[in-house]
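Raw contents of run-v9.txt, compact mmCIF, C-alpha atoms:
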# COMPACT_ATOMS: atom_id res chain seq x y z
CA MET F 148 58.11 46.77 -99.45
CA ALA F 149 55.17 49.13 -99.62
CA ALA F 150 52.89 50.88 -97.14
CA LEU F 151 49.54 52.64 -97.42
CA VAL F 152 48.73 55.48 -95.01
CA TYR F 153 45.31 57.13 -94.71
CA GLY F 154 45.52 60.54 -93.13
CA GLY F 155 46.22 63.37 -95.54
CA ARG F 156 47.39 66.37 -93.56
CA SER F 157 47.35 64.64 -90.18
CA PRO F 158 50.66 65.42 -88.41
CA ILE F 159 50.76 61.85 -87.08
CA ALA F 160 50.15 60.41 -90.57
CA LEU F 161 52.92 62.55 -92.06
CA ALA F 162 55.35 61.62 -89.28
CA LEU F 163 54.51 57.96 -89.88
CA CYS F 164 55.11 58.35 -93.62
CA LYS F 165 58.58 59.70 -92.87
CA GLN F 166 59.39 56.81 -90.54
CA LEU F 167 58.12 54.14 -92.94
CA ALA F 168 60.05 55.68 -95.83
CA GLY F 169 63.15 55.76 -93.63
CA SER F 170 62.81 52.03 -93.09
CA GLY F 171 62.82 51.40 -96.82
CA GLN F 172 59.09 51.31 -97.50
CA GLU F 173 57.51 52.75 -100.63
CA VAL F 174 54.85 54.90 -98.98
CA HIS F 175 51.49 55.82 -100.51
CA LEU F 176 49.52 58.56 -98.74
CA ILE F 177 45.74 58.84 -99.11
CA THR F 178 44.15 62.28 -98.73
CA ARG F 179 40.62 63.53 -99.28
CA ASN F 180 41.83 66.54 -101.28
CA ARG F 181 45.03 66.30 -103.30
CA ASP F 182 46.57 69.70 -103.98
CA GLU F 183 50.02 71.23 -104.28
CA ALA F 184 50.21 71.89 -100.54
CA ILE F 185 49.67 68.25 -99.53
CA VAL F 186 52.00 67.00 -102.28
CA ASN F 187 54.73 69.28 -100.92
CA LEU F 188 54.01 68.24 -97.34
CA ALA F 189 54.20 64.59 -98.31
CA SER F 190 57.46 65.14 -100.17
CA GLU F 191 58.94 66.85 -97.09
CA HIS F 192 58.12 63.62 -95.22
CA HIS F 193 59.75 61.44 -97.89
CA CYS F 194 56.46 60.29 -99.41
CA GLU F 195 56.31 60.66 -103.19
CA HIS F 196 52.98 58.91 -103.84
CA VAL F 197 49.86 60.91 -102.95
CA HIS F 198 46.40 59.73 -103.94
CA GLN F 199 43.05 61.52 -103.65
CA CYS F 200 40.24 59.45 -102.21
CA ASP F 201 37.16 60.28 -100.15
CA LEU F 202 36.39 57.49 -97.69
CA GLU F 203 32.72 58.45 -97.85
CA ASN F 204 32.77 56.47 -101.10
CA ALA F 205 33.52 52.93 -99.97
CA GLU F 206 33.44 51.44 -103.47
CA LYS F 207 36.08 53.79 -104.88
CA SER F 208 38.16 53.53 -101.70
CA ILE F 209 38.25 49.74 -101.93
CA ALA F 210 39.10 49.87 -105.63
CA LEU F 211 42.03 52.23 -104.99
CA ALA F 212 43.41 50.11 -102.13
CA LEU F 213 43.26 46.96 -104.25
CA LYS F 214 44.85 48.76 -107.20
CA ILE F 215 47.80 49.90 -105.06
CA ASP F 216 48.06 46.46 -103.43
CA ASP F 217 48.28 44.84 -106.86
CA LYS F 218 50.69 47.43 -108.26
CA VAL F 219 53.23 47.02 -105.44
CA GLY F 220 52.97 43.24 -105.40
CA GLY F 221 51.29 43.10 -102.01
CA LEU F 222 51.15 45.76 -99.32
CA GLU F 223 53.03 44.97 -96.12
CA ALA F 224 51.68 47.84 -94.02
CA VAL F 225 48.40 49.79 -93.89
CA ALA F 226 47.67 52.56 -91.38
CA PHE F 227 44.41 54.42 -90.83
CA VAL F 228 45.35 57.72 -89.20
CA HIS F 229 42.43 59.77 -90.49
CA ARG F 230 39.26 61.10 -88.91
CA TYR F 231 35.97 62.47 -90.16
CA ARG F 232 35.93 66.24 -90.50
CA SER F 233 32.90 68.34 -91.35
CA GLN F 234 31.37 71.68 -90.45
CA THR F 235 28.16 69.91 -89.46
CA SER F 236 27.58 66.73 -87.46
CA ASN F 237 26.57 63.71 -89.53
CA PRO F 238 26.76 60.50 -87.49
CA LEU F 239 26.15 58.18 -90.45
CA LYS F 240 28.92 59.73 -92.54
CA GLN F 241 31.24 59.78 -89.53
CA TYR F 242 30.67 56.05 -88.99
CA GLU F 243 31.13 55.39 -92.70
CA VAL F 244 34.45 57.29 -92.91
CA GLU F 245 35.98 56.18 -89.63
CA VAL F 246 34.69 52.60 -89.30
CA TYR F 247 32.70 51.12 -92.18
CA THR F 248 34.98 51.98 -95.11
CA PRO F 249 38.19 51.00 -93.27
CA TYR F 250 36.58 47.66 -92.43
CA GLU F 251 35.51 47.15 -96.04
CA ILE F 252 39.06 47.94 -97.21
CA VAL F 253 40.54 45.45 -94.76
CA GLU F 254 38.00 42.83 -95.79
CA ALA F 255 38.86 43.40 -99.46
CA LEU F 256 42.60 43.11 -98.75
CA ALA F 257 41.87 39.81 -97.00
CA THR F 258 40.65 38.35 -100.30
CA GLN F 259 44.05 38.86 -101.94
CA ASN F 260 46.66 36.12 -101.95
CA ARG F 261 49.81 37.41 -100.29
CA ARG F 262 53.11 35.74 -99.59
CA LYS F 263 54.04 38.10 -96.76
CA GLN F 264 51.99 39.20 -93.80
CA CYS F 265 50.36 42.62 -94.02
CA ALA F 266 50.29 44.57 -90.76
CA ILE F 267 47.38 46.97 -90.22
CA VAL F 268 47.07 49.74 -87.63
CA LEU F 269 43.91 51.66 -86.80
CA THR F 270 43.93 54.83 -84.73
CA THR F 271 41.37 55.06 -81.98
CA SER F 272 41.14 57.36 -78.96
CA PRO F 273 40.66 57.50 -75.17
CA ALA F 274 37.07 58.35 -76.13
CA ALA F 275 36.61 54.65 -76.91
CA ARG F 276 36.35 53.99 -73.17
CA ASN F 277 36.13 57.36 -71.38
CA ILE F 278 34.20 60.56 -71.93
CA VAL F 279 36.26 63.26 -73.63
CA GLY F 280 34.62 66.54 -72.77
CA ASP F 281 35.08 68.45 -76.03
CA GLN F 282 33.77 65.70 -78.34
CA ASP F 283 30.20 64.67 -79.19
CA PHE F 284 28.53 61.27 -78.92
CA GLN F 285 29.20 60.36 -82.55
CA TYR F 286 32.94 60.76 -82.00
CA HIS F 287 32.85 58.53 -78.91
CA ALA F 288 30.73 55.91 -80.69
CA SER F 289 33.00 55.71 -83.74
CA LYS F 290 36.14 55.35 -81.60
CA ALA F 291 34.52 52.57 -79.58
CA ALA F 292 33.56 50.85 -82.84
CA LEU F 293 37.14 51.18 -84.12
CA SER F 294 38.43 49.44 -81.01
CA GLN F 295 36.07 46.56 -81.69
CA LEU F 296 37.14 46.53 -85.33
CA VAL F 297 40.70 45.92 -84.15
CA ARG F 298 39.64 43.02 -81.94
CA PHE F 299 37.18 41.52 -84.41
CA GLY F 300 39.48 41.90 -87.41
CA SER F 301 42.46 40.39 -85.60
CA ILE F 302 40.51 37.13 -85.31
CA ARG F 303 38.49 37.21 -88.53
CA PHE F 304 41.41 37.97 -90.86
CA ALA F 305 44.41 36.33 -89.20
CA ALA F 306 44.09 33.33 -91.51
CA ASN F 307 44.30 35.72 -94.47
CA ASN F 308 47.81 36.82 -93.43
CA LEU F 309 46.59 40.11 -91.98
CA ARG F 310 47.66 41.25 -88.52
CA ILE F 311 45.61 44.08 -86.98
CA ASN F 312 46.40 46.31 -84.02
CA GLY F 313 45.45 49.76 -82.78
CA VAL F 314 47.05 52.84 -81.28
CA SER F 315 45.25 55.18 -78.92
CA PRO F 316 47.02 58.55 -78.73
CA GLY F 317 46.44 60.36 -75.46
CA SER F 318 44.35 63.50 -75.20
CA PHE F 319 47.44 65.65 -74.69
CA ILE F 320 49.55 65.46 -77.84
CA PHE F 321 51.66 68.46 -78.85
CA LYS F 322 51.15 69.33 -82.50
CA GLN F 323 53.29 72.03 -84.07
CA ARG F 324 50.31 73.59 -85.85
CA ALA F 325 48.79 74.23 -82.40
CA ALA F 326 51.98 75.77 -80.97
CA GLU F 327 50.54 79.28 -81.10
CA PHE F 328 47.47 78.14 -79.15
CA TYR F 329 49.63 76.57 -76.45
CA ALA F 330 51.77 79.70 -76.25
CA LYS F 331 48.65 81.80 -75.67
CA ASN F 332 47.16 79.27 -73.24
CA PRO F 333 50.02 78.10 -70.99
CA ASP F 334 47.46 76.91 -68.45
CA VAL F 335 46.49 74.10 -70.86
CA VAL F 336 50.08 72.86 -71.01
CA ALA F 337 50.51 73.27 -67.25
CA ARG F 338 47.34 71.28 -66.65
CA ALA F 339 48.52 68.50 -68.95
CA ASN F 340 51.90 68.40 -67.25
CA GLN F 341 50.17 68.15 -63.89
CA LEU F 342 47.93 65.25 -64.94
CA ILE F 343 50.30 63.12 -67.02
CA PRO F 344 52.56 60.82 -64.98
CA LEU F 345 55.50 61.58 -67.29
CA ALA F 346 54.80 65.28 -66.64
CA ARG F 347 54.76 66.34 -70.29
CA MET F 348 52.65 66.19 -73.42
CA GLY F 349 53.41 63.56 -76.03
CA THR F 350 54.55 64.32 -79.59
CA VAL F 351 53.33 63.18 -82.98
CA THR F 352 56.69 61.48 -83.52
CA GLU F 353 56.17 59.38 -80.41
CA ILE F 354 52.78 58.28 -81.70
CA ALA F 355 54.26 57.48 -85.11
CA ASN F 356 57.06 55.49 -83.41
CA VAL F 357 54.53 53.08 -81.92
CA ALA F 358 52.51 52.79 -85.14
CA ALA F 359 55.70 52.12 -87.12
CA PHE F 360 56.65 49.40 -84.62
CA LEU F 361 53.25 47.71 -84.98
CA LEU F 362 53.63 47.86 -88.76
CA SER F 363 57.06 46.22 -88.66
CA ASP F 364 58.26 42.63 -88.39
CA LYS F 365 59.47 43.46 -84.88
CA SER F 366 55.87 43.15 -83.69
CA SER F 367 55.09 40.03 -85.71
CA TYR F 368 53.38 38.22 -82.80
CA ILE F 369 51.28 41.15 -81.61
CA ASN F 370 47.71 40.91 -82.88
CA GLY F 371 44.44 42.46 -81.74
CA GLN F 372 46.03 44.84 -79.23
CA ILE F 373 45.39 48.55 -78.69
CA LEU F 374 48.38 50.37 -77.29
CA GLU F 375 47.75 53.43 -75.12
CA ILE F 376 50.25 56.20 -75.86
CA ASP F 377 49.46 58.69 -73.12
CA GLY F 378 52.43 58.89 -70.78
CA GLY F 379 50.63 56.69 -68.26
CA LEU F 380 47.55 58.89 -67.89
CA SER F 381 45.14 55.97 -68.37
CA ASN F 382 46.60 54.14 -65.38
CA PHE F 383 45.13 56.29 -62.64
CA ASP F 384 41.65 57.43 -61.66
CA GLN F 385 40.41 59.76 -64.37
CA ALA F 386 38.33 61.59 -61.75
CA SER F 387 41.50 62.64 -59.94
CA LEU F 388 42.46 66.26 -60.26
CA SER F 389 46.19 65.64 -60.03
CA LYS F 390 48.76 62.85 -60.13
CA PRO F 391 48.90 60.62 -57.06
CA ASN F 392 51.57 61.46 -54.50
What is this structure when it is put down as structure tokens?
Amino acid sequence: MAALVYGGRSPIALALCKQLAGSGQEVHLITRNRDEAIVNLASEHHCEHVHQCDLENAEKSIALALKIDDKVGGLEAVAFVHRYRSQTSNPLKQYEVEVYTPYEIVEALATQNRRKQCAIVLTTSPAARNIVGDQDFQYHASKAALSQLVRFGSIRFAANNLRINGVSPGSFIFKQRAAEFYAKNPDVVARANQLIPLARMGTVTEIANVAAFLLSDKSSYINGQILEIDGGLSNFDQASLSKPN
């Protein structure tokens, strides 16, 4: 069994690597820049295979995915947990990295003969349907496109033994690398606790739990769905200033 995870230093991607490895998968992590730090991080999360690949280059990205797929005798899980990062806004590159290249990779994997089903998970965002105040239009547009990729791909590639779903992590996810920020800004945490029905922020492990489930045989009849992982926040009026009484 083998899995391919796109995400590099993403805390959610690393947590997912650890969970997939714990379930017996041979995990391959894709990162834009492969250095000693990411190799060590991956190893700490039980992932021994780290590959450098820039998703801005669709041709090389497809070639690498197919090479790994062939080497392991057919991938059984693929997760896209990455996002476009740049000092300057570039909507075309953002679309290419977050939507176009992942689609091209999935389409290429669909051409391969496989005996077992390959489960695919794409990570979208609440910005696919609502306005997230600290993000620009390009971010919102790419997340909306990713949601449609999930729906479109689940129909287009089902006959190719691919099953595609999405996860939408809530806006309030506690990441250890941001712990110092939260400590200095307790009002942010208090605000999140006030808004979220479960009265707390989510964790990267909880996001990875859902992604791992969608990548497993336990979700074998789930296809084309996007699971909201937000503690119930999406279920009440976003214009409300507090949870309903």
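For the choices F:Leu256, F:Val351, F:Ala275, F:Leu345, the atom-to-atom distance to Ala305 (chain F) is smallest for F:Leu256 when using all atoms listed in the file.
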Practice item. Identify, on the basis of only C-alpha atoms, every residue whose closest approach to region 347-349 of chain F does not exceed 7 Å; exclude the query and any residue fewer than 3 positions from it along the same chain; express the result as a ChimeraX atom specification. Key: /F:319-321,339-340,343,353,377
Practice item. Would you mind telling me which residue in F:Glu251, F:Asp216, F:Asp334, F:Asp182 lies nearest to Gly300 (chain F) when using only C-alpha atoms? Key: F:Glu251
Practice item. For each of F:Gln264, F:Glu327, F:Leu362, F:His175, take the minimum atom-to-atom distance to Lys214 (chain F), counting only C-alpha atoms, then give the residue where this is smallest. Key: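 Closest residue, counting only C-alpha atoms: F:His175.
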Exercise for review: Please indicate the distance in Å from CA of Gln241 (chain F) to CA of Val314 (chain F), rounded to one decimal place.
Suggested key: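 Computing the Euclidean distance for CA of Gln241 (chain F) and CA of Val314 (chain F) yields 19.1 Å.
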Please give the centre and size of the box around region 173-190 of chain F (axis-aligned, containing every atom listed in the file, 4 Å added per side), with values in Å to one decimal and written as AutoDock Vina command-line options.
--center_x 49.1 --center_y 62.3 --center_z -100.8 --size_x 24.9 --size_y 27.1 --size_z 14.9
Export C-alpha atoms of region 234-330 of chain F from the structure just given, as a PDB file, in the first residue's frame?
ATOM      1  CA  GLN F 234       5.401  37.210  -1.703  1.00  0.00           C
ATOM      2  CA  THR F 235       3.417  38.731  -4.555  1.00  0.00           C
ATOM      3  CA  SER F 236      -0.065  37.944  -5.863  1.00  0.00           C
ATOM      4  CA  ASN F 237      -0.136  36.010  -9.131  1.00  0.00           C
ATOM      5  CA  PRO F 238      -3.632  34.690  -9.892  1.00  0.00           C
ATOM      6  CA  LEU F 239      -2.559  32.565 -12.864  1.00  0.00           C
ATOM      7  CA  LYS F 240       0.183  30.799 -10.917  1.00  0.00           C
ATOM      8  CA  GLN F 241      -2.138  30.368  -7.938  1.00  0.00           C
ATOM      9  CA  TYR F 242      -4.733  28.680 -10.161  1.00  0.00           C
ATOM     10  CA  GLU F 243      -2.035  26.550 -11.773  1.00  0.00           C
ATOM     11  CA  VAL F 244      -0.607  25.329  -8.439  1.00  0.00           C
ATOM     12  CA  GLU F 245      -3.855  24.837  -6.549  1.00  0.00           C
ATOM     13  CA  VAL F 246      -6.225  23.667  -9.298  1.00  0.00           C
ATOM     14  CA  TYR F 247      -4.812  23.050 -12.771  1.00  0.00           C
ATOM     15  CA  THR F 248      -1.799  20.879 -11.912  1.00  0.00           C
ATOM     16  CA  PRO F 249      -3.699  18.747  -9.358  1.00  0.00           C
ATOM     17  CA  TYR F 250      -6.374  18.137 -11.992  1.00  0.00           C
ATOM     18  CA  GLU F 251      -3.758  17.202 -14.579  1.00  0.00           C
ATOM     19  CA  ILE F 252      -2.161  14.780 -12.096  1.00  0.00           C
ATOM     20  CA  VAL F 253      -5.513  13.159 -11.349  1.00  0.00           C
ATOM     21  CA  GLU F 254      -6.293  12.924 -15.055  1.00  0.00           C
ATOM     22  CA  ALA F 255      -2.915  11.280 -15.694  1.00  0.00           C
ATOM     23  CA  LEU F 256      -3.461   8.781 -12.863  1.00  0.00           C
ATOM     24  CA  ALA F 257      -6.814   7.934 -14.445  1.00  0.00           C
ATOM     25  CA  THR F 258      -5.007   6.631 -17.538  1.00  0.00           C
ATOM     26  CA  GLN F 259      -3.196   3.962 -15.513  1.00  0.00           C
ATOM     27  CA  ASN F 260      -4.603   0.470 -15.151  1.00  0.00           C
ATOM     28  CA  ARG F 261      -5.073  -0.290 -11.464  1.00  0.00           C
ATOM     29  CA  ARG F 262      -6.424  -3.334  -9.710  1.00  0.00           C
ATOM     30  CA  LYS F 263      -7.352  -1.463  -6.544  1.00  0.00           C
ATOM     31  CA  GLN F 264      -9.266   1.756  -6.144  1.00  0.00           C
ATOM     32  CA  CYS F 265      -7.222   4.901  -5.536  1.00  0.00           C
ATOM     33  CA  ALA F 266      -8.788   7.381  -3.128  1.00  0.00           C
ATOM     34  CA  ILE F 267      -8.019  11.072  -3.665  1.00  0.00           C
ATOM     35  CA  VAL F 268      -8.579  13.965  -1.260  1.00  0.00           C
ATOM     36  CA  LEU F 269      -8.338  17.651  -2.125  1.00  0.00           C
ATOM     37  CA  THR F 270      -8.222  20.364   0.516  1.00  0.00           C
ATOM     38  CA  THR F 271     -10.485  23.324  -0.032  1.00  0.00           C
ATOM     39  CA  SER F 272     -11.671  26.043   2.365  1.00  0.00           C
ATOM     40  CA  PRO F 273     -14.719  27.906   3.708  1.00  0.00           C
ATOM     41  CA  ALA F 274     -13.643  30.547   1.184  1.00  0.00           C
ATOM     42  CA  ALA F 275     -15.131  28.300  -1.507  1.00  0.00           C
ATOM     43  CA  ARG F 276     -18.590  29.502  -0.467  1.00  0.00           C
ATOM     44  CA  ASN F 277     -18.154  32.398   1.996  1.00  0.00           C
ATOM     45  CA  ILE F 278     -15.975  35.485   2.135  1.00  0.00           C
ATOM     46  CA  VAL F 279     -12.938  35.065   4.368  1.00  0.00           C
ATOM     47  CA  GLY F 280     -11.858  38.536   5.355  1.00  0.00           C
ATOM     48  CA  ASP F 281      -8.080  38.146   5.344  1.00  0.00           C
ATOM     49  CA  GLN F 282      -7.817  36.489   1.907  1.00  0.00           C
ATOM     50  CA  ASP F 283      -7.888  38.012  -1.586  1.00  0.00           C
ATOM     51  CA  PHE F 284     -10.136  37.195  -4.533  1.00  0.00           C
ATOM     52  CA  GLN F 285      -7.637  34.795  -6.108  1.00  0.00           C
ATOM     53  CA  TYR F 286      -7.666  32.652  -2.958  1.00  0.00           C
ATOM     54  CA  HIS F 287     -11.475  32.529  -2.936  1.00  0.00           C
ATOM     55  CA  ALA F 288     -11.617  31.712  -6.660  1.00  0.00           C
ATOM     56  CA  SER F 289      -9.110  28.860  -6.433  1.00  0.00           C
ATOM     57  CA  LYS F 290     -10.905  27.276  -3.466  1.00  0.00           C
ATOM     58  CA  ALA F 291     -14.233  27.465  -5.287  1.00  0.00           C
ATOM     59  CA  ALA F 292     -12.586  25.834  -8.315  1.00  0.00           C
ATOM     60  CA  LEU F 293     -11.163  23.073  -6.110  1.00  0.00           C
ATOM     61  CA  SER F 294     -14.638  22.293  -4.813  1.00  0.00           C
ATOM     62  CA  GLN F 295     -15.842  21.916  -8.379  1.00  0.00           C
ATOM     63  CA  LEU F 296     -12.816  19.766  -9.180  1.00  0.00           C
ATOM     64  CA  VAL F 297     -13.949  17.369  -6.452  1.00  0.00           C
ATOM     65  CA  ARG F 298     -17.464  17.170  -7.860  1.00  0.00           C
ATOM     66  CA  PHE F 299     -16.418  17.017 -11.507  1.00  0.00           C
ATOM     67  CA  GLY F 300     -13.618  14.520 -10.924  1.00  0.00           C
ATOM     68  CA  SER F 301     -15.807  12.218  -8.847  1.00  0.00           C
ATOM     69  CA  ILE F 302     -18.007  11.688 -11.908  1.00  0.00           C
ATOM     70  CA  ARG F 303     -15.427  11.909 -14.697  1.00  0.00           C
ATOM     71  CA  PHE F 304     -12.924   9.458 -13.171  1.00  0.00           C
ATOM     72  CA  ALA F 305     -15.070   7.005 -11.204  1.00  0.00           C
ATOM     73  CA  ALA F 306     -14.900   4.516 -14.069  1.00  0.00           C
ATOM     74  CA  ASN F 307     -11.095   4.710 -13.865  1.00  0.00           C
ATOM     75  CA  ASN F 308     -11.138   3.343 -10.304  1.00  0.00           C
ATOM     76  CA  LEU F 309     -10.518   6.751  -8.749  1.00  0.00           C
ATOM     77  CA  ARG F 310     -12.656   8.027  -5.877  1.00  0.00           C
ATOM     78  CA  ILE F 311     -12.413  11.763  -5.144  1.00  0.00           C
ATOM     79  CA  ASN F 312     -13.531  13.709  -2.081  1.00  0.00           C
ATOM     80  CA  GLY F 313     -12.634  16.954  -0.343  1.00  0.00           C
ATOM     81  CA  VAL F 314     -12.026  18.295   3.134  1.00  0.00           C
ATOM     82  CA  SER F 315     -12.731  21.873   4.132  1.00  0.00           C
ATOM     83  CA  PRO F 316     -10.868  22.780   7.335  1.00  0.00           C
ATOM     84  CA  GLY F 317     -12.549  25.536   9.309  1.00  0.00           C
ATOM     85  CA  SER F 318     -11.096  29.005   9.639  1.00  0.00           C
ATOM     86  CA  PHE F 319     -10.126  28.369  13.261  1.00  0.00           C
ATOM     87  CA  ILE F 320      -7.538  25.596  13.332  1.00  0.00           C
ATOM     88  CA  PHE F 321      -4.892  25.583  16.062  1.00  0.00           C
ATOM     89  CA  LYS F 322      -1.424  25.079  14.613  1.00  0.00           C
ATOM     90  CA  GLN F 323       1.512  24.648  16.963  1.00  0.00           C
ATOM     91  CA  ARG F 324       3.700  26.992  14.920  1.00  0.00           C
ATOM     92  CA  ALA F 325       1.153  29.748  15.655  1.00  0.00           C
ATOM     93  CA  ALA F 326       1.030  29.027  19.401  1.00  0.00           C
ATOM     94  CA  GLU F 327       3.060  32.126  20.235  1.00  0.00           C
ATOM     95  CA  PHE F 328       0.650  34.297  18.240  1.00  0.00           C
ATOM     96  CA  TYR F 329      -2.351  32.862  20.082  1.00  0.00           C
ATOM     97  CA  ALA F 330      -0.618  33.369  23.423  1.00  0.00           C
TER      98      ALA F 330
END
